[in-house]
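What's in upload_37.txt: compact mmCIF, C-alpha atoms (C1' of nucleotides)
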```txt
# COMPACT_ATOMS: atom_id res chain seq x y z
CA MET A 1 -108.81 -78.15 -77.20
CA THR A 2 -107.35 -80.49 -74.67
CA THR A 3 -104.74 -78.06 -73.32
CA ALA A 4 -105.65 -74.41 -72.92
CA PRO A 5 -102.92 -72.77 -70.85
CA VAL A 6 -104.25 -69.32 -71.66
CA ALA A 7 -104.64 -67.33 -68.46
CA PRO A 8 -108.22 -66.12 -68.16
CA ALA A 9 -107.95 -62.52 -66.98
CA ALA A 10 -111.33 -62.61 -65.34
CA THR A 11 -112.22 -60.19 -62.59
CA HIS A 12 -112.02 -62.58 -59.66
CA ALA A 13 -111.38 -66.09 -60.84
CA SER A 14 -113.23 -67.51 -63.77
CA SER A 15 -115.58 -70.38 -63.02
CA ARG A 16 -113.45 -72.37 -65.42
CA GLY A 17 -110.37 -71.72 -63.34
CA ARG A 18 -112.17 -72.63 -60.14
CA THR A 19 -113.32 -75.95 -61.58
CA ARG A 20 -109.80 -76.62 -62.75
CA LEU A 21 -108.40 -75.72 -59.36
CA ALA A 22 -110.76 -78.10 -57.61
CA ASN A 23 -110.01 -80.97 -59.98
CA ASP A 24 -106.27 -80.47 -59.72
CA ALA A 25 -106.51 -80.44 -55.96
CA TRP A 26 -108.59 -83.62 -55.95
CA GLU A 27 -106.21 -85.38 -58.28
CA ALA A 28 -103.27 -84.42 -56.09
CA ALA A 29 -105.14 -85.56 -52.99
CA LEU A 30 -105.90 -88.91 -54.60
CA GLY A 31 -102.25 -89.28 -55.50
CA ALA A 32 -101.21 -88.59 -51.93
CA HIS A 33 -103.77 -91.06 -50.63
CA THR A 34 -102.53 -93.76 -52.99
CA ALA A 35 -98.88 -93.14 -52.19
CA LEU A 36 -99.38 -93.14 -48.45
CA MET A 37 -101.81 -96.06 -48.38
CA ARG A 38 -99.38 -98.12 -50.40
CA ARG A 39 -96.59 -97.26 -48.00
CA PHE A 40 -98.64 -98.04 -44.91
CA THR A 41 -99.95 -101.28 -46.41
CA GLU A 42 -96.41 -102.43 -47.00
CA ASP A 43 -95.46 -101.69 -43.40
CA ASP A 44 -94.78 -104.80 -41.39
CA VAL A 45 -97.00 -103.82 -38.48
CA TRP A 46 -100.35 -105.42 -39.19
CA ALA A 47 -100.11 -108.70 -37.28
CA GLY A 48 -102.39 -110.52 -39.68
CA LEU A 49 -104.97 -107.74 -39.90
CA SER A 50 -105.97 -106.13 -43.14
CA MET A 51 -106.10 -102.36 -43.04
CA ARG A 52 -109.88 -102.64 -43.13
CA ASP A 53 -109.86 -104.98 -40.17
CA TYR A 54 -107.77 -102.43 -38.34
CA ASP A 55 -110.06 -99.63 -39.39
CA VAL A 56 -112.98 -101.37 -37.71
CA LEU A 57 -111.00 -102.18 -34.57
CA TYR A 58 -109.75 -98.61 -34.39
CA THR A 59 -113.22 -97.17 -34.84
CA LEU A 60 -114.53 -99.40 -32.08
CA SER A 61 -111.60 -98.46 -29.86
CA LYS A 62 -112.62 -94.82 -29.97
CA CYS A 63 -116.16 -95.52 -28.78
CA ASP A 64 -116.96 -96.42 -25.22
CA ALA A 65 -120.54 -97.33 -26.04
CA PRO A 66 -121.05 -100.38 -28.26
CA GLN A 67 -121.62 -99.52 -31.89
CA ARG A 68 -124.06 -100.87 -34.42
CA LEU A 69 -123.06 -102.04 -37.84
CA SER A 70 -124.61 -99.01 -39.43
CA ASP A 71 -122.56 -96.74 -37.18
CA LEU A 72 -119.37 -98.41 -38.29
CA GLY A 73 -120.54 -98.18 -41.86
CA ARG A 74 -120.34 -94.42 -41.77
CA HIS A 75 -116.61 -94.55 -41.09
CA VAL A 76 -115.51 -97.55 -43.11
CA MET A 77 -115.37 -97.46 -46.89
CA LEU A 78 -117.23 -100.69 -47.49
CA SER A 79 -120.71 -101.77 -48.54
CA GLN A 80 -123.15 -102.81 -45.85
CA PRO A 81 -122.97 -106.53 -46.69
CA GLY A 82 -119.20 -106.25 -46.94
CA LEU A 83 -118.99 -104.73 -43.49
CA SER A 84 -121.44 -107.30 -42.14
CA ARG A 85 -119.17 -110.12 -43.20
CA LEU A 86 -115.99 -108.33 -42.18
CA VAL A 87 -117.41 -108.02 -38.67
CA ASP A 88 -118.45 -111.69 -38.85
CA ARG A 89 -114.84 -112.62 -39.41
CA LEU A 90 -113.62 -110.38 -36.59
CA VAL A 91 -116.15 -111.94 -34.23
CA GLU A 92 -115.05 -115.39 -35.37
CA ARG A 93 -111.46 -114.43 -34.59
CA GLY A 94 -112.43 -113.32 -31.13
CA LEU A 95 -111.49 -109.68 -31.68
CA VAL A 96 -114.99 -108.23 -31.65
CA GLY A 97 -117.92 -109.11 -29.43
CA ARG A 98 -121.49 -109.07 -30.64
CA CYS A 99 -124.39 -108.96 -28.23
CA ALA A 100 -128.05 -108.17 -28.61
CA ASP A 101 -129.40 -104.65 -28.29
CA PRO A 102 -132.12 -104.82 -25.60
CA THR A 103 -133.93 -101.80 -27.07
CA ASP A 104 -133.86 -102.96 -30.70
CA ALA A 105 -133.86 -106.63 -31.56
CA ARG A 106 -132.77 -105.93 -35.11
CA ALA A 107 -129.54 -104.24 -34.12
CA ALA A 108 -126.36 -105.78 -32.75
CA HIS A 109 -124.07 -104.20 -30.21
CA LEU A 110 -120.47 -104.46 -31.34
CA SER A 111 -117.49 -103.85 -29.11
CA LEU A 112 -113.87 -104.87 -28.81
CA THR A 113 -113.01 -107.94 -26.81
CA ALA A 114 -110.03 -107.69 -24.49
CA GLU A 115 -107.99 -109.45 -27.13
CA GLY A 116 -109.27 -107.13 -29.82
CA ARG A 117 -108.43 -104.08 -27.76
CA ALA A 118 -104.95 -105.36 -27.03
CA LEU A 119 -104.33 -106.11 -30.69
CA GLN A 120 -105.66 -102.73 -31.77
CA ARG A 121 -103.36 -100.99 -29.31
CA ARG A 122 -100.35 -102.96 -30.36
CA VAL A 123 -100.92 -102.46 -34.08
CA GLY A 124 -102.08 -98.90 -33.56
CA ARG A 125 -98.88 -97.92 -31.81
CA ALA A 126 -96.72 -99.21 -34.64
CA HIS A 127 -98.95 -97.90 -37.38
CA GLY A 128 -99.27 -94.53 -35.69
CA ALA A 129 -95.51 -94.28 -35.53
CA SER A 130 -95.26 -95.04 -39.23
CA VAL A 131 -97.93 -92.46 -40.05
CA ALA A 132 -96.15 -89.87 -37.98
CA ALA A 133 -92.80 -90.67 -39.58
CA ALA A 134 -94.18 -90.34 -43.09
CA LEU A 135 -96.17 -87.18 -42.47
CA THR A 136 -93.75 -85.27 -40.29
CA ALA A 137 -91.00 -85.92 -42.82
CA ARG A 138 -93.07 -84.16 -45.46
CA LEU A 139 -95.04 -81.46 -43.66
CA THR A 140 -94.31 -78.90 -40.99
CA ASP A 141 -96.47 -78.61 -37.88
CA GLU A 142 -98.36 -75.73 -39.45
CA GLU A 143 -98.96 -77.74 -42.61
CA LEU A 144 -100.18 -80.74 -40.62
CA ALA A 145 -102.67 -78.55 -38.80
CA LEU A 146 -103.71 -77.06 -42.11
CA LEU A 147 -104.20 -80.50 -43.64
CA GLU A 148 -106.42 -81.50 -40.76
CA SER A 149 -108.43 -78.32 -41.07
CA LEU A 150 -108.92 -78.67 -44.82
CA SER A 151 -109.82 -82.34 -44.43
CA ARG A 152 -112.46 -81.53 -41.85
CA LYS A 153 -114.02 -79.01 -44.18
CA LEU A 154 -114.02 -81.56 -46.96
CA SER A 155 -115.79 -84.04 -44.71
CA LEU A 156 -118.72 -81.73 -44.07
CA PRO A 157 -122.06 -83.15 -45.20
CA ASP A 158 -124.13 -81.14 -47.64
CA ASP A 159 -126.27 -79.95 -44.76
CA ASP A 160 -124.02 -77.67 -42.79
CA LEU A 161 -122.13 -76.03 -45.60
CA PRO A 162 -121.07 -72.41 -45.37
CA GLU A 163 -123.52 -70.81 -47.77
CA GLU A 164 -122.28 -68.67 -50.61
CA THR A 165 -125.26 -67.05 -52.36
CA PRO A 166 -128.37 -67.71 -50.28
CA MET B 1 -104.31 -93.19 -19.69
CA THR B 2 -106.34 -93.18 -22.83
CA THR B 3 -107.01 -89.46 -22.85
CA ALA B 4 -104.25 -87.09 -21.85
CA PRO B 5 -105.47 -83.57 -22.66
CA VAL B 6 -102.60 -82.04 -20.72
CA ALA B 7 -100.93 -79.38 -22.81
CA PRO B 8 -97.22 -80.12 -23.03
CA ALA B 9 -95.55 -76.74 -22.52
CA ALA B 10 -92.46 -77.79 -24.42
CA THR B 11 -90.18 -75.21 -25.95
CA HIS B 12 -91.09 -75.74 -29.59
CA ALA B 13 -93.50 -78.64 -29.92
CA SER B 14 -92.92 -81.87 -28.09
CA SER B 15 -92.25 -84.91 -30.20
CA ARG B 16 -95.39 -86.35 -28.65
CA GLY B 17 -97.43 -83.44 -29.92
CA ARG B 18 -95.96 -83.71 -33.36
CA THR B 19 -96.82 -87.39 -33.60
CA ARG B 20 -100.30 -86.60 -32.42
CA LEU B 21 -100.63 -83.78 -34.90
CA ALA B 22 -99.61 -86.07 -37.77
CA ASN B 23 -101.99 -88.83 -36.73
CA ASP B 24 -104.90 -86.44 -36.31
CA ALA B 25 -104.20 -84.97 -39.73
CA TRP B 26 -104.06 -88.42 -41.31
CA GLU B 27 -107.27 -89.51 -39.65
CA ALA B 28 -109.01 -86.39 -40.89
CA ALA B 29 -107.62 -86.91 -44.36
CA LEU B 30 -108.87 -90.49 -44.40
CA GLY B 31 -112.28 -89.28 -43.33
CA ALA B 32 -112.39 -86.75 -46.11
CA HIS B 33 -111.30 -89.36 -48.63
CA THR B 34 -114.00 -91.75 -47.47
CA ALA B 35 -116.72 -89.10 -47.48
CA LEU B 36 -115.84 -87.79 -50.93
CA MET B 37 -115.24 -91.19 -52.49
CA ARG B 38 -118.60 -92.37 -51.22
CA ARG B 39 -120.25 -89.30 -52.68
CA PHE B 40 -118.54 -89.63 -56.04
CA THR B 41 -119.24 -93.36 -56.20
CA GLU B 42 -122.92 -92.69 -55.72
CA ASP B 43 -122.93 -90.15 -58.54
CA ASP B 44 -124.85 -91.30 -61.56
CA VAL B 45 -122.10 -90.50 -64.04
CA TRP B 46 -120.14 -93.69 -64.47
CA ALA B 47 -121.78 -95.26 -67.52
CA GLY B 48 -121.05 -98.78 -66.39
CA LEU B 49 -117.47 -98.07 -65.34
CA SER B 50 -116.17 -98.71 -61.87
CA MET B 51 -114.13 -95.88 -60.43
CA ARG B 52 -111.06 -98.04 -60.90
CA ASP B 53 -111.92 -98.56 -64.55
CA TYR B 54 -112.20 -94.83 -64.89
CA ASP B 55 -108.94 -94.30 -63.05
CA VAL B 56 -107.13 -96.39 -65.64
CA LEU B 57 -108.86 -94.71 -68.56
CA TYR B 58 -108.09 -91.29 -67.09
CA THR B 59 -104.45 -92.15 -66.51
CA LEU B 60 -104.15 -93.36 -70.08
CA SER B 61 -105.93 -90.24 -71.36
CA LYS B 62 -103.22 -88.05 -69.87
CA CYS B 63 -100.42 -89.86 -71.68
CA ASP B 64 -99.77 -89.44 -75.36
CA ALA B 65 -97.26 -92.30 -75.42
CA PRO B 66 -98.64 -95.78 -74.74
CA GLN B 67 -98.14 -96.94 -71.19
CA ARG B 68 -97.04 -100.23 -69.75
CA LEU B 69 -98.89 -102.04 -67.01
CA SER B 70 -96.19 -101.17 -64.52
CA ASP B 71 -96.54 -97.48 -65.37
CA LEU B 72 -100.25 -97.62 -64.66
CA GLY B 73 -99.52 -99.53 -61.49
CA ARG B 74 -97.81 -96.53 -59.99
CA HIS B 75 -100.99 -94.48 -60.22
CA VAL B 76 -103.69 -97.03 -59.49
CA MET B 77 -104.20 -98.47 -56.02
CA LEU B 78 -104.29 -102.10 -57.07
CA SER B 79 -101.98 -105.09 -56.98
CA GLN B 80 -100.11 -106.01 -60.14
CA PRO B 81 -102.25 -109.09 -60.88
CA GLY B 82 -105.34 -107.07 -60.09
CA LEU B 83 -104.35 -104.39 -62.55
CA SER B 84 -103.41 -107.00 -65.13
CA ARG B 85 -106.90 -108.44 -65.08
CA LEU B 86 -108.59 -105.06 -64.85
CA VAL B 87 -106.82 -104.09 -68.06
CA ASP B 88 -107.82 -107.44 -69.55
CA ARG B 89 -111.44 -106.55 -68.98
CA LEU B 90 -111.03 -103.08 -70.43
CA VAL B 91 -109.37 -104.57 -73.52
CA GLU B 92 -112.17 -107.10 -73.79
CA ARG B 93 -114.67 -104.24 -73.66
CA GLY B 94 -112.88 -102.44 -76.45
CA LEU B 95 -111.91 -99.43 -74.33
CA VAL B 96 -108.18 -100.09 -74.20
CA GLY B 97 -105.86 -101.31 -76.92
CA ARG B 98 -102.96 -103.60 -76.20
CA CYS B 99 -100.13 -104.02 -78.68
CA ALA B 100 -96.64 -105.40 -78.43
CA ASP B 101 -93.69 -103.26 -77.50
CA PRO B 102 -91.15 -103.64 -80.33
CA THR B 103 -88.25 -102.83 -78.00
CA ASP B 104 -89.28 -105.16 -75.17
CA ALA B 105 -91.17 -108.35 -75.86
CA ARG B 106 -92.20 -108.71 -72.22
CA ALA B 107 -94.02 -105.40 -72.08
CA ALA B 108 -97.34 -104.42 -73.58
CA HIS B 109 -98.23 -101.03 -74.94
CA LEU B 110 -101.57 -99.88 -73.57
CA SER B 111 -103.53 -97.00 -74.97
CA LEU B 112 -107.11 -95.81 -75.23
CA THR B 113 -109.16 -96.87 -78.19
CA ALA B 114 -111.30 -94.22 -79.84
CA GLU B 115 -114.26 -95.61 -77.94
CA GLY B 116 -112.30 -95.62 -74.71
CA ARG B 117 -111.23 -92.03 -75.20
CA ALA B 118 -114.75 -90.92 -75.97
CA LEU B 119 -116.11 -92.69 -72.90
CA GLN B 120 -113.38 -91.26 -70.68
CA ARG B 121 -114.17 -87.76 -71.91
CA ARG B 122 -117.87 -88.16 -71.40
CA VAL B 123 -117.56 -89.61 -67.92
CA GLY B 124 -114.70 -87.29 -67.07
CA ARG B 125 -116.73 -84.21 -67.82
CA ALA B 126 -119.56 -85.25 -65.55
CA HIS B 127 -117.31 -86.54 -62.81
CA GLY B 128 -115.12 -83.46 -62.98
CA ALA B 129 -118.17 -81.29 -62.57
CA SER B 130 -119.22 -83.26 -59.50
CA VAL B 131 -115.73 -83.03 -58.03
CA ALA B 132 -115.69 -79.30 -58.59
CA ALA B 133 -119.13 -78.87 -57.09
CA ALA B 134 -118.21 -80.80 -53.94
CA LEU B 135 -114.83 -79.18 -53.42
CA THR B 136 -115.66 -75.58 -54.30
CA ALA B 137 -118.65 -75.73 -51.96
CA ARG B 138 -116.29 -76.56 -49.10
CA LEU B 139 -113.02 -74.78 -49.82
CA THR B 140 -112.03 -71.35 -51.08
CA ASP B 141 -109.67 -70.95 -54.00
CA GLU B 142 -106.77 -70.39 -51.64
CA GLU B 143 -107.67 -73.52 -49.70
CA LEU B 144 -107.92 -75.56 -52.89
CA ALA B 145 -104.46 -74.42 -53.92
CA LEU B 146 -103.21 -75.22 -50.45
CA LEU B 147 -104.73 -78.70 -50.55
CA GLU B 148 -103.00 -79.37 -53.84
CA SER B 149 -99.70 -78.12 -52.47
CA LEU B 150 -99.92 -80.21 -49.31
CA SER B 151 -100.97 -83.26 -51.29
CA ARG B 152 -98.00 -82.91 -53.59
CA LYS B 153 -95.66 -82.77 -50.63
CA LEU B 154 -97.30 -85.88 -49.20
CA SER B 155 -96.78 -87.70 -52.47
CA LEU B 156 -93.03 -87.16 -52.43
CA PRO B 157 -91.04 -90.41 -52.41
CA ASP B 158 -88.54 -90.97 -49.63
CA ASP B 159 -85.76 -89.96 -51.97
CA ASP B 160 -86.29 -86.28 -52.52
CA LEU B 161 -87.43 -85.25 -49.09
CA PRO B 162 -86.46 -81.89 -47.64
CA GLU B 163 -83.82 -82.94 -45.10
CA GLU B 164 -84.16 -81.91 -41.50
CA THR B 165 -81.02 -82.84 -39.58
CA PRO B 166 -78.39 -84.08 -42.01
C1' DG C 1 -154.39 -104.10 -33.72
C1' DT C 2 -153.60 -104.50 -38.54
C1' DT C 3 -150.94 -103.25 -42.24
C1' DA C 4 -147.92 -100.51 -45.25
C1' DG C 5 -143.46 -98.60 -45.08
C1' DT C 6 -138.96 -98.29 -43.19
C1' DT C 7 -134.78 -99.79 -40.80
C1' DA C 8 -131.08 -103.16 -39.48
C1' DC C 9 -128.76 -106.71 -40.72
C1' DA C 10 -127.81 -111.26 -43.29
C1' DT C 11 -127.25 -114.29 -47.39
C1' DG C 12 -126.88 -116.19 -52.35
C1' DC C 13 -124.07 -115.57 -55.99
C1' DG C 14 -121.19 -113.98 -59.56
C1' DA C 15 -117.31 -110.92 -60.09
C1' DA C 16 -113.06 -108.85 -58.48
C1' DT C 17 -108.94 -109.08 -55.53
C1' DG C 18 -104.53 -110.46 -53.48
C1' DC C 19 -100.94 -113.83 -52.67
C1' DA C 20 -97.98 -117.02 -54.36
C1' DT C 21 -96.05 -118.59 -58.22
C1' DA C 22 -95.24 -119.35 -63.18
C1' DT C 23 -93.56 -117.80 -67.65
C1' DA C 24 -91.00 -115.29 -70.58
C1' DA C 25 -87.72 -111.69 -71.89
C1' DT C 26 -83.93 -108.55 -70.81
C1' DC C 27 -79.72 -107.27 -68.41
C1' DG C 28 -74.98 -107.75 -66.51
C1' DG C 29 -71.01 -109.77 -65.72
C1' DC C 30 -67.61 -113.00 -67.38
C1' DG D 1 -72.53 -116.20 -76.08
C1' DC D 2 -73.82 -118.27 -71.48
C1' DC D 3 -75.95 -118.07 -66.87
C1' DG D 4 -77.75 -116.00 -62.75
C1' DA D 5 -80.45 -111.96 -61.48
C1' DT D 6 -83.97 -108.90 -62.53
C1' DT D 7 -88.03 -107.16 -64.87
C1' DA D 8 -92.76 -107.45 -67.04
C1' DT D 9 -96.74 -109.70 -67.12
C1' DA D 10 -99.95 -113.74 -66.50
C1' DT D 11 -102.39 -117.50 -63.97
C1' DG D 12 -104.20 -120.79 -60.10
C1' DC D 13 -106.67 -120.48 -56.14
C1' DA D 14 -108.73 -119.06 -52.00
C1' DT D 15 -110.67 -114.93 -50.10
C1' DT D 16 -113.32 -110.82 -50.26
C1' DC D 17 -116.51 -107.72 -52.39
C1' DG D 18 -120.79 -105.63 -54.21
C1' DC D 19 -125.40 -106.15 -55.95
C1' DA D 20 -129.72 -107.87 -55.41
C1' DT D 21 -132.59 -109.72 -52.35
C1' DG D 22 -134.28 -111.90 -48.03
C1' DT D 23 -135.75 -111.77 -43.16
C1' DA D 24 -136.94 -109.86 -39.06
C1' DA D 25 -138.17 -105.94 -36.24
C1' DC D 26 -139.67 -101.33 -35.57
C1' DT D 27 -142.88 -97.24 -36.75
C1' DA D 28 -146.92 -95.04 -37.85
C1' DA D 29 -151.32 -94.24 -39.79
C1' DC D 30 -155.73 -95.83 -39.71
```

In structure tokens, what does this structure look like?
Amino acid sequence: MTTAPVAPAATHASSRGRTRLANDAWEAALGAHTALMRRFTEDDVWAGLSMRDYDVLYTLSKCDAPQRLSDLGRHVMLSQPGLSRLVDRLVERGLVGRCADPTDARAAHLSLTAEGRALQRRVGRAHGASVAAALTARLTDEELALLESLSRKLSLPDDDLPEETP
Amino acid sequence: MTTAPVAPAATHASSRGRTRLANDAWEAALGAHTALMRRFTEDDVWAGLSMRDYDVLYTLSKCDAPQRLSDLGRHVMLSQPGLSRLVDRLVERGLVGRCADPTDARAAHLSLTAEGRALQRRVGRAHGASVAAALTARLTDEELALLESLSRKLSLPDDDLPEETP
DNA sequence: GTTAGTTACATGCGAATGCATATAATCGGC
DNA sequence: GCCGATTATATGCATTCGCATGTAACTAAC
């Protein structure tokens, strides 16, 4: 009942097999994420930042316009109060600047300070090198491009999904 | 300086391009992980378990022999003390059994209780269905198989890596 | 313009986490 | 069999997190 290695000779691919395929892929992906995250966390490149700190700094570094908390929240895997306080700490440390949004008094405009940008660049260079080393040692160029392509498809919101049976 | 969209017409692929390729792939993969984890977390299938709780129960469910903490630690993204206390809570809740290892008095043998196994199966069915729904809506069978294959390569430890220039 | 509903963010608080370290058992020479 | 090194797990403590909720501002219908 638990293990059923019988090959279902269905016409295309049985729904059972497709579910299994998806779950196996997800489990493997989780394993890869865990293995790589562990490796990167142990890297000695973080200069006192947690990986979440860096995630916020990196996200801000990619945006020229100041971001709101809720914008950051879409990219960072953290609850809204958690992100609120994480940003608090980054502001306190002088890495992130917070100024009022003239068009919306509720919102805050967040951006990197000069120090924050410098730190992000410094850490980013080292971390990026480590990422490249780990990934290029395991995947070919074609596989890297494929991974990016698959990942982008997986990131699609429910809205713009390629329909199957409309 | 920040954006250099100039195509490097190198013979194969410049080292710069390869680094970039790897970092883009990793960023996309992180995005997919965040998007899917958020979705799965919000699913109403967890029956009072955190996803980490479930991760431990699932890992134990796959093993017939009792596991040690350090075995679990390889699969769960958590520090050793963190895992120790997470297991404490699961034992307290009657989902995991802890008994002494006769061959090693330091180690503990961890296994699912009947209740823990039942809960893992119940939650696992619902969660597995959600995983399948999300992934099969975004990837074809071939892509799912590819994702699993790429993920397995990414999970390889430094030891058994396919050598490049020995 | 008043008010209900929504959005953006912050805060109180208990629970979970990581780091450093402690404890206890096993292993490997000798 | 003894002792240093290593392994397996636990605990103290400060930090961080998520949930529930609060506060303030915006929006829209009337």

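The residues of chain B lying at most 10 Å from chain C, with all atoms listed in the file taken into account, are Leu78, Ser79, Gln80, Pro81, Gly82, Leu83, Arg85, Leu86, Asp104, Ala105, Arg106 and Ala107 of chain B.
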
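Taking CA of Val87 in chain B and CA of Asn23 in chain A as endpoints, the distance between them is 24.7 Å.
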
Proximity to chain B - best of A:Gly94, A:Pro102, A:Gly116, A:Pro162, only C-alpha atoms: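 When distances to chain B are compared using only C-alpha atoms, the smallest one comes from A:Pro162.
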
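We find CA of Met51 in chain B and CA of Lys153 in chain A to be spaced 23.4 Å apart.
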
Considering all atoms listed in the file, state which residue in the set A:Leu36, A:Ala134, A:Met77, A:Leu69 is at the smallest distance from chain D.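 Among A:Leu36, A:Ala134, A:Met77, A:Leu69, it is A:Met77 that comes nearest to chain D.
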
Report, in Å to a single decimal, how far apart CA of Ala22 in chain A and CA of Pro157 in chain A are.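 Value for the CA of Pro157 in chain A-CA of Ala22 in chain A distance: 17.5 Å.
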
Residues of chain D no more than 8 Å from chain A, counting all atoms listed in the file: send them over as a list in words. DC17, DG18, DA24, DA25 and DC26 of chain D

Write down, as a list in words, each residue of chain A that has any atom within 6 Å of an atom of chain B, counting only C-alpha atoms.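 Therefore, the residues near the partner are Thr19, Ala22, Ala25, Ala28, Ala29, Ala32, Thr34, Ala35, Met77, Ala132, Leu135, Arg138, Leu144, Leu147, Glu148, Ser151, Lys153, Leu154 and Ser155 of chain A.
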
Skip Arg93 in chain B itself and residues of its chain fewer than 6 positions away, then list as number ranges by chain all residues within 12 Å of it, counting all atoms listed in the file. B: 48-49, 53, 86-87, 112-113, 115-116, 119

Selected residue of minimal separation from DT7 in chain D among B:Arg122, B:Ser61, B:Ser70, B:Ala100, counting all atoms listed in the file: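 Of B:Arg122, B:Ser61, B:Ser70, B:Ala100, the one nearest DT7 in chain D is B:Ser70, counting all atoms listed in the file.
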